[in-house]
Each structure stands twice: as C-alpha cells, then as structure tokens.
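Raw contents of my_file.csv, CSV, C-alpha atoms:
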chain,number,residue,atom,x,y,z
A,1,MET,CA,-18.4,56.7,127.6
A,2,ALA,CA,-14.8,57.7,128.2
A,3,ASP,CA,-12.6,55.6,130.5
A,4,LEU,CA,-10.2,58.5,131.5
A,5,ILE,CA,-9.3,62.1,130.7
A,6,ILE,CA,-5.9,63.4,129.5
A,7,THR,CA,-5.6,67.1,130.1
A,8,GLY,CA,-2.7,69.2,128.7
A,9,ARG,CA,-1.0,70.6,125.7
A,10,GLY,CA,2.4,70.6,124.1
A,11,GLY,CA,5.3,72.8,125.0
A,12,GLY,CA,5.0,76.5,125.1
A,13,SER,CA,5.8,79.6,127.1
A,14,ILE,CA,4.6,80.1,130.7
A,15,GLU,CA,1.8,82.2,129.4
A,16,ASP,CA,0.7,79.4,127.1
A,17,LEU,CA,0.6,77.0,130.0
A,18,TRP,CA,-0.9,79.4,132.6
A,19,ALA,CA,-4.4,78.1,132.1
A,20,PHE,CA,-3.5,74.9,133.9
A,21,ASN,CA,-2.7,77.0,137.0
A,22,ASP,CA,-6.3,78.4,137.0
A,23,GLU,CA,-8.2,77.5,140.2
A,24,ARG,CA,-11.3,76.5,138.2
A,25,VAL,CA,-9.4,74.0,136.1
A,26,ALA,CA,-7.7,72.6,139.2
A,27,ARG,CA,-11.0,72.1,141.0
A,28,ALA,CA,-12.6,70.5,137.9
A,29,ILE,CA,-9.7,68.0,137.6
A,30,TYR,CA,-9.9,67.2,141.3
A,31,ALA,CA,-13.7,66.7,141.2
A,32,SER,CA,-13.6,64.5,138.1
A,33,GLU,CA,-15.1,61.0,138.7
A,34,LEU,CA,-12.9,59.7,135.8
A,35,PRO,CA,-9.2,59.3,136.3
A,36,VAL,CA,-7.2,62.3,135.0
A,37,ILE,CA,-3.7,62.3,133.5
A,38,SER,CA,-2.1,65.7,133.5
A,39,ALA,CA,0.3,66.2,130.5
A,40,VAL,CA,1.2,69.9,130.4
A,41,GLY,CA,4.2,71.0,128.4
A,42,HIS,CA,7.5,69.1,128.7
A,43,GLU,CA,9.3,67.4,131.5
A,44,PRO,CA,10.5,70.6,133.3
A,45,ASP,CA,7.1,72.3,133.2
A,46,VAL,CA,5.1,71.9,136.3
A,47,THR,CA,1.5,73.3,136.9
A,48,ILE,CA,-1.1,73.1,139.6
A,49,SER,CA,-3.0,70.6,137.4
A,50,ASP,CA,-0.1,68.1,137.8
A,51,TYR,CA,-0.7,68.1,141.6
A,52,VAL,CA,-4.5,67.5,141.5
A,53,ALA,CA,-4.5,65.0,138.7
A,54,ASP,CA,-4.5,61.2,139.4
A,55,ALA,CA,-1.2,60.9,137.4
A,56,ARG,CA,1.3,63.2,135.7
A,57,ALA,CA,2.9,62.5,132.3
A,58,SER,CA,6.1,64.2,131.2
A,59,THR,CA,4.6,64.9,127.7
A,60,PRO,CA,1.2,64.3,126.0
A,61,SER,CA,2.8,61.4,124.2
A,62,ASN,CA,3.8,59.9,127.5
A,63,ALA,CA,0.3,60.4,128.8
A,64,ALA,CA,-1.0,58.2,125.8
A,65,GLU,CA,1.6,55.5,126.8
A,66,ILE,CA,0.4,55.6,130.4
A,67,ALA,CA,-3.3,55.4,129.3
A,68,VAL,CA,-2.8,52.6,126.8
A,69,PRO,CA,0.1,50.4,128.0
A,70,ASP,CA,1.8,48.1,125.5
A,71,TRP,CA,0.0,44.8,125.2
A,72,HIS,CA,3.3,42.9,124.9
A,73,GLU,CA,4.5,44.5,128.1
A,74,LEU,CA,1.3,43.6,129.9
A,75,ARG,CA,1.6,40.0,128.7
A,76,ASP,CA,5.2,39.8,129.8
A,77,ALA,CA,4.3,41.2,133.2
A,78,LEU,CA,1.5,38.7,133.6
A,79,ASP,CA,3.8,35.9,132.6
A,80,SER,CA,6.4,37.0,135.1
A,81,TYR,CA,3.8,37.2,137.9
A,82,ASP,CA,2.6,33.7,136.9
A,83,ILE,CA,6.1,32.3,137.0
A,84,ARG,CA,6.9,33.9,140.3
A,85,SER,CA,3.6,32.7,141.9
A,86,ARG,CA,4.2,29.1,140.6
A,87,GLN,CA,7.8,29.2,142.0
A,88,ALA,CA,6.6,30.5,145.4
A,89,MET,CA,3.9,27.8,145.5
A,90,GLN,CA,6.4,25.0,144.6
A,91,LYS,CA,8.8,26.3,147.3
A,92,LYS,CA,6.1,26.3,149.9
A,93,LEU,CA,5.0,22.8,148.9
A,94,ARG,CA,8.6,21.6,149.2
A,95,GLU,CA,9.0,23.1,152.7
A,96,LEU,CA,5.7,21.5,153.8
A,97,ARG,CA,6.7,18.2,152.4
A,98,GLN,CA,10.1,18.3,154.2
A,99,ARG,CA,8.3,19.2,157.4
A,100,LEU,CA,5.9,16.3,157.0
A,101,GLU,CA,8.7,13.8,156.2
A,102,SER,CA,10.7,15.1,159.2
A,103,THR,CA,7.8,14.8,161.5
A,104,SER,CA,6.8,11.4,160.3
A,105,GLU,CA,10.3,10.1,161.0
A,106,LYS,CA,10.2,11.1,164.6
A,107,ARG,CA,10.3,8.2,166.9
A,108,VAL,CA,7.5,9.4,169.1
A,109,LEU,CA,5.1,9.1,166.2
A,110,ARG,CA,6.3,5.7,165.1
A,111,ASP,CA,6.2,4.4,168.7
A,112,PRO,CA,4.0,6.6,170.9
A,113,GLY,CA,5.2,4.6,174.0
A,114,VAL,CA,8.6,6.4,173.6
A,115,TYR,CA,7.0,9.7,174.6
A,116,ILE,CA,5.6,8.2,177.8
A,117,ASP,CA,8.9,6.5,178.5
A,118,ASN,CA,10.8,9.8,178.1
A,119,ARG,CA,8.4,11.6,180.4
A,120,ARG,CA,8.7,8.8,182.9
A,121,MET,CA,12.5,9.1,182.9
A,122,GLU,CA,12.3,12.8,183.4
A,123,LEU,CA,9.8,12.3,186.2
A,124,ASP,CA,12.2,9.8,187.9
A,125,HIS,CA,15.1,12.1,187.5
A,126,MET,CA,13.1,15.0,189.0
A,127,ARG,CA,12.0,12.7,191.9
A,128,ASP,CA,15.6,11.7,192.6
A,129,ARG,CA,16.7,15.3,192.6
A,130,LEU,CA,13.9,16.3,195.0
A,131,ALA,CA,14.7,13.4,197.3
A,132,ALA,CA,18.4,14.3,197.4
A,133,ALA,CA,17.5,17.9,198.1
A,134,GLY,CA,15.2,16.8,200.9
A,135,GLU,CA,17.9,14.6,202.5
A,136,ARG,CA,20.4,17.5,202.4
A,137,LYS,CA,17.8,19.8,204.0
A,138,VAL,CA,17.1,17.2,206.7
A,139,SER,CA,20.8,16.6,207.4
A,140,ALA,CA,21.5,20.3,207.6
A,141,SER,CA,18.5,20.8,210.0
A,142,ARG,CA,19.7,17.8,212.1
A,143,ARG,CA,23.2,19.3,212.4
A,144,GLU,CA,21.8,22.6,213.4
A,145,PHE,CA,19.6,21.0,216.0
A,146,VAL,CA,22.5,19.1,217.5
A,147,ARG,CA,24.5,22.4,217.6
A,148,LEU,CA,21.8,24.3,219.3
A,149,GLY,CA,21.2,21.4,221.8
A,150,ALA,CA,24.8,21.4,222.7
A,151,ALA,CA,24.8,25.1,223.2
A,152,LEU,CA,21.8,24.9,225.5
A,153,ASP,CA,23.2,22.0,227.4
A,154,ALA,CA,26.4,24.0,228.0
A,155,MET,CA,24.4,26.8,229.5
A,156,SER,CA,22.2,24.5,231.6
A,157,PRO,CA,22.6,24.9,235.4
A,158,LEU,CA,22.5,21.1,235.7
A,159,ARG,CA,25.7,20.9,233.7
A,160,VAL,CA,27.4,23.0,236.5
A,161,LEU,CA,26.1,20.5,239.1
A,162,THR,CA,28.0,17.6,237.4
A,163,ARG,CA,31.2,19.4,238.3
A,164,GLY,CA,30.6,19.2,242.1
A,165,TYR,CA,28.6,22.4,242.6
A,166,SER,CA,25.1,22.6,244.2
A,167,ILE,CA,22.2,25.1,244.0
A,168,ALA,CA,20.6,26.5,247.2
A,169,GLU,CA,16.9,27.2,247.0
A,170,ASN,CA,14.8,29.0,249.6
A,171,ALA,CA,11.4,27.9,250.8
A,172,SER,CA,9.7,29.5,247.8
A,173,GLY,CA,12.0,27.5,245.4
A,174,ARG,CA,14.0,30.6,244.3
A,175,SER,CA,17.8,30.2,243.9
A,176,VAL,CA,19.8,31.9,246.5
A,177,LYS,CA,22.6,34.1,245.0
A,178,SER,CA,24.0,35.9,248.0
A,179,ALA,CA,24.4,35.2,251.7
A,180,SER,CA,22.7,38.5,252.4
A,181,GLU,CA,19.5,37.0,251.2
A,182,LEU,CA,19.5,34.4,254.1
A,183,ASN,CA,18.4,34.5,257.7
A,184,VAL,CA,19.7,32.2,260.5
A,185,GLY,CA,17.3,29.3,261.0
A,186,GLU,CA,15.9,29.6,257.5
A,187,ARG,CA,15.3,26.3,255.7
A,188,LEU,CA,17.1,25.6,252.4
A,189,ARG,CA,17.1,22.9,249.9
A,190,LEU,CA,20.4,22.0,248.3
A,191,ARG,CA,20.2,20.5,244.8
A,192,PHE,CA,23.0,18.3,243.5
A,193,ALA,CA,23.7,16.6,240.2
A,194,GLU,CA,22.1,13.6,241.8
A,195,GLY,CA,19.5,14.1,244.4
A,196,ALA,CA,18.9,17.0,246.9
A,197,ALA,CA,19.1,17.7,250.7
A,198,ASP,CA,17.2,19.9,253.1
A,199,CYS,CA,19.3,22.1,255.4
A,200,ARG,CA,18.9,24.8,258.0
A,201,VAL,CA,21.0,28.0,258.2
A,202,GLU,CA,23.1,27.9,261.4
A,203,SER,CA,25.2,30.9,260.7
A,204,ILE,CA,25.9,33.4,257.9
A,205,ASP,CA,29.3,34.6,256.6
A,206,LYS,CA,29.0,37.8,254.6
A,207,GLU,CA,32.0,38.8,252.4
A,208,ASN,CA,31.9,41.7,250.0
A,209,GLU,CA,32.9,41.2,246.3
A,210,HIS,CA,36.4,42.7,246.9
A,211,GLY,CA,37.4,40.2,249.6
A,212,GLY,CA,36.5,42.4,252.5
A,213,GLU,CA,35.8,41.4,256.1
A,214,LYS,CA,33.7,38.4,257.2
A,215,ALA,CA,30.9,38.7,259.8
A,216,GLU,CA,29.4,35.7,261.5
A,217,LEU,CA,25.8,35.9,262.6

Let's see the structure in the file written out as structure tokens.
Amino acid sequence: MADLIITGRGGGSIEDLWAFNDERVARAIYASELPVISAVGHEPDVTISDYVADARASTPSNAAEIAVPDWHELRDALDSYDIRSRQAMQKKLRELRQRLESTSEKRVLRDPGVYIDNRRMELDHMRDRLAAAGERKVSASRREFVRLGAALDAMSPLRVLTRGYSIAENASGRSVKSASELNVGERLRLRFAEGAADCRVESIDKENEHGGEKAEL
C-alpha cells in the first residue's frame, strides 16, 4: 500500500498542464485519504492542484526529495534536537539547584525562630504607630473640646453676671428684656453672679431706643 501520492508532470505549455486545473482532478486530490504532493511543471507554473494538495513541490524531482528526505539530514536534525533538549534540561536543573541553594541559605529556614522574631518586631512597630496616632487624635480632640468650652463660656449669661450685671426674671421665670414688659407692683427676682434677691416694682421708667423721653408710672 502506498504511503503518499505525487501528482504532476514535467515542464510544458499551458495546454500540457491544463489537466491539473480540471475540477475532477482537484476534487480527487482534495478527497484523497493519502497525503498528496503536487509537482506540476516548473517553479513558475501554478495550477489548481497546487492549492488543494497537502504540499507543493517546485518540480517532480523536488517532490521526490520532499517525499523521501535525506537520511543524513534527518539524523542531523534529530541530533540537533537531542543536544538542544539536553542543554535546556541542564539549564533548568542549574536554575532549580541555584534556587534550592539560595532558599536553603535563608536564615528563616536555618532558624525558624527568626521569622517569629521578625513578625513580632513588625507587630511592635505597628502597635507603637497606632498608639502614637491615638494619642495625637486624643490631644487634638482635647484641644477642640477646650476651645469649644471656652467659646460656650464666653457666651454664657453667667459670665456677664461676673462683671456686675444682674438678670431680672418675672414670676414665670422668664428673663425681662424691656421695662414695657413690667407692671407696678409686680414681683421680680434678680439673679447675680452670687445669689439672688426678690424685689417688687415700685415705678417704671420707659425710654425708647433712641434716647427719647422718660415716663414714670
């Protein structure tokens, strides 16, 4: 049984080679279960058979060379592949050996406690950083608290009382802001910075905001 098929002929005119452009020939080559080498005419000649075949040869002689390669060339190619594969294997082994030696020399493998000590040092460093950050945050919050406390104290009515002022409150405990809110005989409570006093309105002086007239009731 044949191993392959070489289809073709030597050089000739276009008419001599036209059979290899026939559809039936092209379909037969395409449908062949055996490998087909197309070797039609010379190098410049191209036919449909060249496109449907498994391989194209420039001449029938070249087809024979493709079908039956030189034994010496095959041996040389195999020898070359063997040498390259051995070199690649040796290179890979050297790399793995170097990695193994480098890894075995690491201190953490010779003394496993070193790894734990390193992690402990990192943990201590992180703890110190977190503690310092917490202290800065607390200090900043404390300063802000003092600032807000001072601002609130400055706006406190009790702070005004320390400067000699007093606050008048009516019977319902509401601060009196204007003399027009008072009535003669009404009871008031005066609050001072220290202590308080109960009073009664004897008379009322009303003065407008622009320094107008006074009226005593």

Near Pro44 of chain A, counting all atoms listed in the file, which residues have an atom at most 10 Å away, once you skip same-chain residues fewer than 3 positions from it, shown as a VMD selection string? chain A and resid 40 to 41 58 to 59

How far is it from atom CA of Ile6 of chain A to atom CA of Ser32 of chain A, in Å with one decimal? 11.6 Å

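Atom CA of Tyr115 of chain A sits 18.8 Å away from atom CA of Leu100 of chain A.
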
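Those residues that approach Ala26 of chain A to within 12 Å, counting only C-alpha atoms, are Thr7, Trp18, Ala19, Phe20, Ser32, Val36, Ser38, Thr47, Ile48, Ser49, Asp50, Tyr51, Val52, Ala53 and Asp54 of chain A; same-chain residues fewer than 6 positions away are not listed.
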
By how many Å are atom CA of Gly12 of chain A and atom CA of Pro35 of chain A apart?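 Interatomic distance here is 25.0 Å.
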
Kindly add all heavy atoms to the incomplete segment 59-70 of chain A and provide the output as a CSV table (one decimal), in the coordinates of the input.
chain,number,residue,atom,x,y,z
A,59,THR,N,5.0,64.3,129.0
A,59,THR,CA,4.6,64.9,127.7
A,59,THR,C,3.2,64.3,127.4
A,59,THR,O,2.8,63.3,127.9
A,59,THR,CB,5.6,64.6,126.6
A,59,THR,OG1,5.6,63.2,126.4
A,59,THR,CG2,6.9,65.2,126.9
A,60,PRO,N,2.5,64.9,126.4
A,60,PRO,CA,1.2,64.3,126.0
A,60,PRO,C,1.4,62.9,125.4
A,60,PRO,O,0.6,62.0,125.6
A,60,PRO,CB,0.7,65.3,124.9
A,60,PRO,CG,1.3,66.6,125.4
A,60,PRO,CD,2.6,66.3,125.9
A,61,SER,N,2.5,62.7,124.7
A,61,SER,CA,2.8,61.4,124.2
A,61,SER,C,3.0,60.4,125.3
A,61,SER,O,2.5,59.2,125.2
A,61,SER,CB,4.1,61.4,123.3
A,61,SER,OG,3.9,62.3,122.2
A,62,ASN,N,3.7,60.8,126.4
A,62,ASN,CA,3.8,59.9,127.5
A,62,ASN,C,2.5,59.6,128.2
A,62,ASN,O,2.3,58.5,128.7
A,62,ASN,CB,4.8,60.5,128.5
A,62,ASN,CG,5.1,59.7,129.7
A,62,ASN,OD1,4.8,60.2,130.8
A,62,ASN,ND2,5.5,58.5,129.5
A,63,ALA,N,1.6,60.6,128.2
A,63,ALA,CA,0.3,60.4,128.8
A,63,ALA,C,-0.5,59.3,128.0
A,63,ALA,O,-1.1,58.4,128.6
A,63,ALA,CB,-0.5,61.7,128.7
A,64,ALA,N,-0.3,59.3,126.6
A,64,ALA,CA,-1.0,58.2,125.8
A,64,ALA,C,-0.4,56.9,126.2
A,64,ALA,O,-1.1,55.8,126.2
A,64,ALA,CB,-0.8,58.5,124.4
A,65,GLU,N,0.9,56.8,126.4
A,65,GLU,CA,1.6,55.5,126.8
A,65,GLU,C,1.1,55.0,128.1
A,65,GLU,O,0.9,53.8,128.3
A,65,GLU,CB,3.1,55.7,126.8
A,65,GLU,CG,3.7,56.0,125.4
A,65,GLU,CD,5.2,56.4,125.5
A,65,GLU,OE1,5.7,56.4,126.7
A,65,GLU,OE2,5.8,56.5,124.5
A,66,ILE,N,0.9,56.0,129.1
A,66,ILE,CA,0.4,55.6,130.4
A,66,ILE,C,-1.1,55.1,130.3
A,66,ILE,O,-1.5,54.1,130.9
A,66,ILE,CB,0.5,56.8,131.4
A,66,ILE,CG1,1.9,57.1,131.6
A,66,ILE,CG2,-0.2,56.4,132.7
A,66,ILE,CD1,2.1,58.4,132.5
A,67,ALA,N,-1.9,55.8,129.4
A,67,ALA,CA,-3.3,55.4,129.3
A,67,ALA,C,-3.5,54.1,128.6
A,67,ALA,O,-4.4,53.3,128.9
A,67,ALA,CB,-4.0,56.6,128.6
A,68,VAL,N,-2.7,53.9,127.6
A,68,VAL,CA,-2.8,52.6,126.8
A,68,VAL,C,-1.4,51.9,126.9
A,68,VAL,O,-0.6,52.1,126.0
A,68,VAL,CB,-3.2,52.9,125.4
A,68,VAL,CG1,-3.5,51.6,124.7
A,68,VAL,CG2,-4.4,53.8,125.3
A,69,PRO,N,-1.2,51.1,127.9
A,69,PRO,CA,0.1,50.4,128.0
A,69,PRO,C,0.3,49.4,126.8
A,69,PRO,O,-0.7,48.9,126.3
A,69,PRO,CB,0.1,49.7,129.3
A,69,PRO,CG,-1.4,49.6,129.6
A,69,PRO,CD,-2.0,50.8,129.0
A,70,ASP,N,1.5,49.1,126.5
A,70,ASP,CA,1.8,48.1,125.5
A,70,ASP,C,1.3,46.7,125.8
A,70,ASP,O,1.6,46.2,126.9
A,70,ASP,CB,3.3,48.1,125.2
A,70,ASP,CG,3.7,47.2,124.0
A,70,ASP,OD1,3.6,47.7,122.9
A,70,ASP,OD2,4.1,46.1,124.3
